[in-house]
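Participant: The structure is given below, and queries will be raised subsequently.
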Amino acid sequence: MEYSHPWLPMTEDLEKAMLKSIGRKSLKELFSNIPDQFRLKRDLDLPDSHTELEVAKRIQELASKNKAADNGRVFLGAGVGVHHIPSVVPALAGRSEFVTSYTSYQPEISQGMLQTLFEYQSLMAELLAVDVVNSSMYDLASALAEAILMSVRVKKRSRFLVPRTMNPAHWQVISTYTEPLGIEVEKVDYDPKTGLISISGLKSCLNDQVAGVYIENPNYLGFIESQVDRISKMVHETGALLVAGVDILSLGIMRPPGDYGADIVVAEGQPLGTPVSFGGPLLGVFGCTGDMKLIRQLPGRLVGMTRTSEEPHERGFVLTLSPREQHIRREKATSNICSNQALVAVTAAVYTSVIGAAGLRELGESVAYNSHYVADRLDAIPSVKAPALNESFWKEFVVKFENGVSAQHVHEELLKRDFHGGRLLIEDFPELGETMLLCVTELHSKEIIDEFVSAVEEIVTSGGDGQ
Amino acid sequence: MNRYRQAKWNEPLLFEMSVKGRVSHKFPEVDKDIRRVAESIESMIHPEMIRAQPPSLPEVSELQIVRHFTRLSQMNFSVSSGTYPLGSCTMKYNPVINDLAANTSGFSWLHPLQDVSTCQGALELMWELERWLAEITGMDAVTLQPAAGAQGEYTGVMVIREYHKCVTNECEQRNEMLIPDAAHGTNPASAAMAGYKVVVLPSSADGLVDLDALRAAAGPRTAGLMLTNPNTIGVFEKDIEEIAEIVHDAGGLLYYDGANLNAIMGITCPGDMGFDVVHMNLHKSFSTPHGGGGPGAGAVGVKKSLEEFLPKPRIVRKDDGSFDFEDNLPRSIGRVHGFYGNFGILVRAYSYIYSLGKQGIRAVAENAVLNANYVAHHVSRIPGFTLPYSKDAPRMHECVISAEELKEETGVTAMDVAKRLLDFGVHAPTVYFPLIVPEALMIEPTETESKQDLDLFISALNQISRESNETPEKVKGAPHMTAVSRLDEYRAAHPKTLTLSWRMFQKQNRDKVD
């Protein structure tokens, strides 16, 4: 072999020596089980080999074709959050010992990862006010899909209810997961003025075939679902489970789902110290109450605290309750999940420890003030209504353009001014009119917000019906 | 002479270090002009929905946090620490440049819902990576959406199901998925999640697919066969042509579990062998880090006739050379991820393939296979260890050694061997898998281990074999040099002592006091 590469320690001499020591004449002999007609007799059509310097150049070239959100001029949320990441978070979570380890199948030599994941489970449990959080799912979308499957297993019922206002991408994911299993997922109507779940609509959908009901808080459309106690009571009276999806960063100031009786909780954990990274890796936070009936049906890995078998019984951590999992139960497992998002969970553990309850409160307040300031300023512009839904909100809210102003036009004009407006809602919620979902965080400075509001004003007033 | 000793910090939980009033981060105060917009939080958020009690999170200083997680990391073995020959997991070196690539702000700060005009670089990277992966596997189209291998399997099985729904119109009748008994546990679990009944195929005396058993099982109820090739004992299924024929003749499709792809990259293509759907684990074959369990990425490739069923949105290149998302795909299985998959992992895989190039990708497979055969040859000559099944067939990327003889002679089990290996600063192989091998040690050295590393590993197993005869209690009591000794797993799982969070721990302590 003439080819050499920094990641491959083999040399021509070593290759010969190793072949000789195992009694083989050539490399080809090692592939003798591959029938000749299937052996590739050409080079793969791939790029040539590149040095590190050339790789860095190519990556930079591609990255420079993107316009990223680190300029503080992007007002998008809709499932992920652009937030400040304290410097110690990537420094610690990025330690090679965490990054390059596998699942902790040998606990004695993997206590670092196991304790960190136990701390992650514990920190999330405190935030959500539930006893149990698993060590991660892929993202909120698949976590919700698994929550539905879990509800159906626990309750042995086949219907599930979700709000019509839920995140449309998450709706698509749960549709994929529930269809082959014959689970009927139905959307419950909402009050068009506030966005809140229609209580009469919920009542008419609920019966003894409903395994669970999902609510989001704050909802995808930004408003806070304030009827939680009433909904929780109705759901539990029919013997169904309440599944709550929450914005994890809101929990420094907002009521946690465990407090209003959620049996299963899911959240998108990306905002806890992980950059948006074009939508992944994300972090599916997944928890439930301490009810053993629920715990036994939980998908995903769990880390438990225990002690050494021998005296002096030192504290230690292990993966536990694995008979729920695919490597033991195979087709009878609670889920097929194996690899999860452990490193993102490590990141979330570091972030949550760094921020603490006081920091989460400061962050929650900062976001609330910023978003309300933006809404207030936008609402003062003629032909703009913000928030368009008449219910309290925290980080995101719906902005509506009236009198012939199209949201698409505003979006395009904002792009020209080096801003990125909110998620356009016309396709998913045409009944709301010309709307976009705006997201404001602690990263948006007053100067940029004011410039943004002026830009919207200029676009709306100058280009009435610009299509 | 082995001198390994893992760090041992008696590191408490952060919760146990908490002191009221201590902070490790501060946010800027809200601008006073902005603050004027509302009197208080209560005037912005429905008072009933405000948190009454702050969450009880630890109150610690920044340095305490830095020390805490640094110490914990020192009690965690990794590829950066030493040899990690975990079979089926392909624990190769995770190149540092790949992490730098993924953390480039033009990628890491890119919001997934930005206008496509502002993320052309990301789309181009994904588009190109799709094509490279299709080339390596001999497929026509690839989706990068699945977040892990198991989700890739699920996606692939759903594609097969959609095919039977839309093309053969036999979806209801074809409700069985054939899976060999030696398959990875995710295969049957993924098939079951897609609503399939799993039919288990027994292995032949050689540890390969038993063609007669396959013929007997395949029929009008067969949706497909899920197969790993090379299989989990590390041997190439030489009858693959016949296997594909049997499955296709029965009207089923052939699914390739890409966990073992590292052995054949540039050597042969699943697409040429007759596979219709493949999934790849980018965190295995393509070097992206395992992160202590994830995130990975489970790209799925399919033949042309199945392309329309792939998850949406798909990336398309328009006539003007620009890239876009296509969402209008009525026959797609739908979405499996909130956005487009684990993009940061895709950047790493891109950087990996771009660095190695066509020559390097083939060298990876060749070196991985040579390393595995070197280990198989030398370990199977150590007293107590044997290489069961297809003895004369070369191994591919991994080998499965049985410690059954060692157990019979000395009472030392595969688990004991695994635990004792840790004392040498080497991670244990995968143990007790596949189920068809008694006292299995599944060893996958990968191409990035040097001959010196392999020799150390072999000599460690040699020493363990000697110790098993001379001082078996030393092996049975292992590990001795890790942060903790063997842990009580029964206690961890018992309902009375089950402790899954600090919250549960405190409740248990309160109950004890009461």
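In the structure tokens, the first chain shown is A, the next is B, and so on; residue numbers restart at 1 for each chain, and ligands run from 1 in the order shown.
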Please identify all polymer residues within 7 Å of Glu442 (chain A), counting only C-alpha atoms, omitting same-chain residues fewer than 4 positions from it, and present them as a PyMOL selection string.
Facilitator: chain A and resi 83+363+366-367
Participant: Compile the contact shell of region 290-298 of chain A as a ChimeraX atom specification: residues with an atom at most 12 Å away, counting only C-alpha atoms, same-chain residues fewer than 3 positions apart removed.
Facilitator: /A:125,129-137,143,146-156,241,258,262-265,286-287,301-302,320-325,332-337 /B:493-496,498-501,503-505,507-508
Participant: Please produce a file of the residues just selected, as an mmCIF file, in the first residue's frame, where the atoms kept are C-alpha atoms.
Facilitator:
data_model
loop_
_atom_site.group_PDB
_atom_site.id
_atom_site.type_symbol
_atom_site.label_atom_id
_atom_site.label_comp_id
_atom_site.auth_asym_id
_atom_site.auth_seq_id
_atom_site.Cartn_x
_atom_site.Cartn_y
_atom_site.Cartn_z
ATOM 1 C CA ALA A 125 -36.669 16.008 36.981
ATOM 2 C CA ALA A 129 -41.324 18.418 38.688
ATOM 3 C CA VAL A 130 -41.528 14.706 37.896
ATOM 4 C CA ASP A 131 -39.563 11.840 39.470
ATOM 5 C CA VAL A 132 -38.203 10.140 36.391
ATOM 6 C CA VAL A 133 -36.445 11.382 33.252
ATOM 7 C CA ASN A 134 -34.684 8.975 30.905
ATOM 8 C CA SER A 135 -31.193 9.625 29.615
ATOM 9 C CA SER A 136 -32.519 11.093 26.299
ATOM 10 C CA MET A 137 -34.487 10.596 23.095
ATOM 11 C CA ALA A 143 -40.111 11.743 22.126
ATOM 12 C CA GLU A 146 -42.836 7.473 21.856
ATOM 13 C CA ALA A 147 -45.003 9.089 24.547
ATOM 14 C CA ILE A 148 -48.071 8.247 22.476
ATOM 15 C CA LEU A 149 -46.947 4.640 21.977
ATOM 16 C CA MET A 150 -46.218 4.423 25.710
ATOM 17 C CA SER A 151 -49.673 5.782 26.623
ATOM 18 C CA VAL A 152 -51.270 3.209 24.343
ATOM 19 C CA ARG A 153 -49.266 0.385 25.991
ATOM 20 C CA VAL A 154 -50.036 1.569 29.514
ATOM 21 C CA LYS A 155 -53.739 2.154 28.951
ATOM 22 C CA LYS A 156 -54.371 -0.516 26.305
ATOM 23 C CA LEU A 241 -52.869 10.051 30.656
ATOM 24 C CA GLY A 258 -45.580 17.826 37.082
ATOM 25 C CA ALA A 262 -48.831 15.574 33.665
ATOM 26 C CA ASP A 263 -48.133 11.828 33.679
ATOM 27 C CA ILE A 264 -45.611 11.957 30.845
ATOM 28 C CA VAL A 265 -43.547 15.023 29.964
ATOM 29 C CA PHE A 286 -38.594 12.425 28.257
ATOM 30 C CA GLY A 287 -39.941 11.902 31.766
ATOM 31 C CA ARG A 301 -32.038 4.220 28.716
ATOM 32 C CA LEU A 302 -32.140 4.931 32.419
ATOM 33 C CA THR A 320 -30.782 -0.033 34.796
ATOM 34 C CA LEU A 321 -34.183 -1.577 33.989
ATOM 35 C CA SER A 322 -32.662 -2.698 30.685
ATOM 36 C CA PRO A 323 -35.107 -5.611 30.258
ATOM 37 C CA ARG A 324 -37.333 -2.913 28.686
ATOM 38 C CA GLU A 325 -34.787 -2.443 25.909
ATOM 39 C CA LYS A 332 -41.005 -7.104 22.683
ATOM 40 C CA ALA A 333 -38.968 -4.057 23.760
ATOM 41 C CA THR A 334 -40.671 -0.789 24.720
ATOM 42 C CA SER A 335 -38.832 0.913 21.834
ATOM 43 C CA ASN A 336 -36.124 0.231 19.261
ATOM 44 C CA ILE A 337 -34.048 3.172 20.526
ATOM 45 C CA ALA B 493 -33.234 -2.295 39.492
ATOM 46 C CA HIS B 494 -35.160 -3.405 42.585
ATOM 47 C CA PRO B 495 -38.376 -1.394 43.058
ATOM 48 C CA LYS B 496 -37.506 -0.737 46.717
ATOM 49 C CA LEU B 498 -34.633 1.983 42.386
ATOM 50 C CA THR B 499 -33.137 5.506 42.293
ATOM 51 C CA LEU B 500 -33.411 7.314 38.970
ATOM 52 C CA SER B 501 -33.016 10.907 40.172
ATOM 53 C CA ARG B 503 -35.613 13.723 43.640
ATOM 54 C CA MET B 504 -36.329 10.007 44.091
ATOM 55 C CA PHE B 505 -33.265 9.678 46.313
ATOM 56 C CA LYS B 507 -37.981 10.923 48.780
ATOM 57 C CA GLN B 508 -36.490 7.567 49.784
#
Participant: Name all residues at most 7 Å from Leu44 (chain A) (count only C-alpha atoms; drop same-chain ones fewer than 4 positions away) and give them as JSON, numbers by chain.
Facilitator: {"B": [135, 136, 266, 358]}
Participant: Give me the residues near Ser392 (chain A) as a VMD selection string, where near means some atom within 6 Å (using only C-alpha atoms) and where sequence neighbours in that chain fewer than 5 positions away do not count.
Facilitator: (chain A and resid 223 to 224) or (chain B and resid 45)
Participant: Determine the nearest neighbour of Thr178 (chain A) from the options B:Gly156, B:Gly138, B:Gly195, B:Gly21, counting only C-alpha atoms.
Facilitator: B:Gly195
Participant: Identify, on the basis of only C-alpha atoms, every residue whose closest approach to Asp115 (chain B) does not exceed 10 Å; exclude the query and any residue fewer than 3 positions from it along the same chain; express the result as JSON, numbers by chain.
Facilitator: {"A": [67, 411, 412, 415, 420, 421, 423], "B": [111, 112, 118, 119, 120, 324]}
Participant: Mind writing the picked residues with N, CA and C atoms as a PDB file, in the first residue's frame?
Facilitator:
ATOM      1  N   LYS A  67     -25.791  31.954   6.024  1.00  0.00           N
ATOM      2  CA  LYS A  67     -25.843  33.190   6.802  1.00  0.00           C
ATOM      3  C   LYS A  67     -26.434  32.822   8.151  1.00  0.00           C
ATOM      4  N   HIS A 411     -41.490  39.031   4.871  1.00  0.00           N
ATOM      5  CA  HIS A 411     -40.351  38.125   5.026  1.00  0.00           C
ATOM      6  C   HIS A 411     -39.256  38.457   4.008  1.00  0.00           C
ATOM      7  N   GLU A 412     -39.634  38.576   2.760  1.00  0.00           N
ATOM      8  CA  GLU A 412     -38.646  38.833   1.704  1.00  0.00           C
ATOM      9  C   GLU A 412     -37.963  40.188   1.870  1.00  0.00           C
ATOM     10  N   LEU A 415     -35.431  40.062   4.642  1.00  0.00           N
ATOM     11  CA  LEU A 415     -34.195  39.407   4.192  1.00  0.00           C
ATOM     12  C   LEU A 415     -33.273  40.400   3.497  1.00  0.00           C
ATOM     13  N   HIS A 420     -33.895  38.256   9.527  1.00  0.00           N
ATOM     14  CA  HIS A 420     -34.724  37.099   9.215  1.00  0.00           C
ATOM     15  C   HIS A 420     -35.937  37.133  10.123  1.00  0.00           C
ATOM     16  N   GLY A 421     -37.114  37.270   9.530  1.00  0.00           N
ATOM     17  CA  GLY A 421     -38.353  37.325  10.303  1.00  0.00           C
ATOM     18  C   GLY A 421     -38.714  35.963  10.852  1.00  0.00           C
ATOM     19  N   ARG A 423     -41.232  32.429  11.516  1.00  0.00           N
ATOM     20  CA  ARG A 423     -41.732  31.320  10.710  1.00  0.00           C
ATOM     21  C   ARG A 423     -43.071  31.729  10.097  1.00  0.00           C
TER      22      ARG A 423
ATOM     23  N   HIS B 111     -30.036  28.401  11.755  1.00  0.00           N
ATOM     24  CA  HIS B 111     -31.378  27.962  12.166  1.00  0.00           C
ATOM     25  C   HIS B 111     -32.006  27.137  11.045  1.00  0.00           C
ATOM     26  N   PRO B 112     -32.615  25.994  11.403  1.00  0.00           N
ATOM     27  CA  PRO B 112     -33.114  25.078  10.368  1.00  0.00           C
ATOM     28  C   PRO B 112     -34.269  25.632   9.530  1.00  0.00           C
ATOM     29  N   THR B 118     -30.400  31.442   2.477  1.00  0.00           N
ATOM     30  CA  THR B 118     -29.375  31.739   3.481  1.00  0.00           C
ATOM     31  C   THR B 118     -28.707  30.470   4.022  1.00  0.00           C
ATOM     32  N   CYS B 119     -29.042  29.315   3.462  1.00  0.00           N
ATOM     33  CA  CYS B 119     -28.387  28.079   3.947  1.00  0.00           C
ATOM     34  C   CYS B 119     -27.985  27.164   2.795  1.00  0.00           C
ATOM     35  N   GLN B 120     -27.541  27.746   1.715  1.00  0.00           N
ATOM     36  CA  GLN B 120     -27.128  26.964   0.549  1.00  0.00           C
ATOM     37  C   GLN B 120     -25.931  26.053   0.847  1.00  0.00           C
ATOM     38  N   ASP B 324     -32.664  23.245  -2.770  1.00  0.00           N
ATOM     39  CA  ASP B 324     -33.945  23.568  -2.145  1.00  0.00           C
ATOM     40  C   ASP B 324     -34.478  22.321  -1.435  1.00  0.00           C
TER      41      ASP B 324
END
Participant: Using only C-alpha atoms, which residue out of B:Ala182, B:Leu113, B:Val513, B:Ile243 lies closest to Ala68 (chain A)?
Facilitator: B:Leu113
Participant: Of the residues B:Ala299, B:Ile353, B:Val209, B:Ala218, which is the one nearest to chain A, using only C-alpha atoms?
Facilitator: B:Ile353
Participant: Write out as a PyMOL selection string the residues lying within 9 Å of Glu184 (chain A), counting only C-alpha atoms and excluding same-chain residues fewer than 5 positions away.
Facilitator: chain A and resi 158-161+178-179
Participant: Write the selection just made, keeping all heavy atoms, as a compact mmCIF listing (two decimals), in the first residue's frame?
Facilitator:
# COMPACT_ATOMS: atom_id res chain seq x y z
N SER A 158 -56.68 2.83 22.17
CA SER A 158 -56.05 3.07 20.86
C SER A 158 -56.25 4.47 20.29
O SER A 158 -55.87 4.75 19.16
CB SER A 158 -56.57 2.04 19.86
OG SER A 158 -57.96 2.20 19.75
N ARG A 159 -56.87 5.38 21.06
CA ARG A 159 -57.02 6.75 20.54
C ARG A 159 -56.12 7.70 21.33
O ARG A 159 -55.83 7.47 22.50
CB ARG A 159 -58.47 7.21 20.65
CG ARG A 159 -59.41 6.49 19.70
CD ARG A 159 -60.85 6.98 19.90
NE ARG A 159 -61.03 8.37 19.54
CZ ARG A 159 -61.82 9.22 20.22
NH1 ARG A 159 -62.49 8.82 21.28
NH2 ARG A 159 -61.92 10.48 19.83
N PHE A 160 -55.73 8.80 20.68
CA PHE A 160 -54.89 9.79 21.34
C PHE A 160 -55.28 11.17 20.81
O PHE A 160 -55.53 11.32 19.61
CB PHE A 160 -53.41 9.50 21.08
CG PHE A 160 -52.50 10.25 22.00
CD1 PHE A 160 -52.07 9.67 23.19
CD2 PHE A 160 -52.07 11.54 21.69
CE1 PHE A 160 -51.24 10.36 24.07
CE2 PHE A 160 -51.25 12.25 22.56
CZ PHE A 160 -50.83 11.66 23.75
N LEU A 161 -55.33 12.16 21.69
CA LEU A 161 -55.77 13.50 21.27
C LEU A 161 -54.63 14.51 21.37
O LEU A 161 -53.85 14.49 22.33
CB LEU A 161 -56.93 13.97 22.16
CG LEU A 161 -58.13 13.02 22.29
CD1 LEU A 161 -59.18 13.63 23.23
CD2 LEU A 161 -58.74 12.73 20.92
N THR A 178 -47.46 6.49 14.39
CA THR A 178 -48.69 5.87 14.92
C THR A 178 -49.45 5.09 13.86
O THR A 178 -50.15 4.14 14.18
CB THR A 178 -49.62 6.93 15.53
OG1 THR A 178 -49.80 7.99 14.56
CG2 THR A 178 -49.03 7.51 16.80
N GLU A 179 -49.28 5.47 12.59
CA GLU A 179 -50.10 4.87 11.52
C GLU A 179 -49.95 3.35 11.44
O GLU A 179 -50.97 2.64 11.46
CB GLU A 179 -49.74 5.56 10.18
CG GLU A 179 -50.62 5.16 9.02
CD GLU A 179 -50.03 4.02 8.21
OE1 GLU A 179 -48.81 3.78 8.30
OE2 GLU A 179 -50.79 3.37 7.50
Participant: Could you pull out the alpha helix (DSSP H) residues of region 169-210 of chain A from DSSP and send them as an NGL selection string?
Facilitator: :A and (169-178 or 199-205)
Participant: How would the residues just chosen look if you wrote them out with C-alpha atoms as a compact mmCIF listing (two decimals), in the first residue's frame?
Facilitator:
# COMPACT_ATOMS: atom_id res chain seq x y z
CA ALA A 169 -43.52 19.08 11.97
CA HIS A 170 -44.10 17.16 15.20
CA TRP A 171 -47.57 16.27 13.95
CA GLN A 172 -45.99 14.74 10.85
CA VAL A 173 -43.56 12.70 12.92
CA ILE A 174 -46.25 11.31 15.22
CA SER A 175 -48.36 10.48 12.16
CA THR A 176 -45.50 8.40 10.78
CA TYR A 177 -45.04 6.52 14.05
CA THR A 178 -48.69 5.87 14.92
CA ILE A 199 -62.87 22.70 26.23
CA SER A 200 -66.13 21.68 24.56
CA GLY A 201 -64.14 20.21 21.67
CA LEU A 202 -62.00 18.24 24.09
CA LYS A 203 -65.07 17.02 25.96
CA SER A 204 -66.65 15.73 22.76
CA CYS A 205 -63.48 13.83 21.78
Participant: Using DSSP on the backbone coordinates, identify the residues of region 292-461 of chain A assigned to strand (DSSP E); present them as a PyMOL selection string.
Facilitator: chain A and resi 302-307+315-320+384-385+396-401+423-424+434-439
Participant: Mind pulling up the distance from CA of Pro429 (chain B) to CA of Pro299 (chain A)?
Facilitator: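 It comes out at 25.6 Å.
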Participant: Kindly indicate which residue among B:Val475, B:Ala213, B:Leu421, B:Val198 lies nearest to chain A, using only C-alpha atoms for the distances.
Facilitator: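 Among the listed residues, the smallest separation from chain A belongs to B:Val198.
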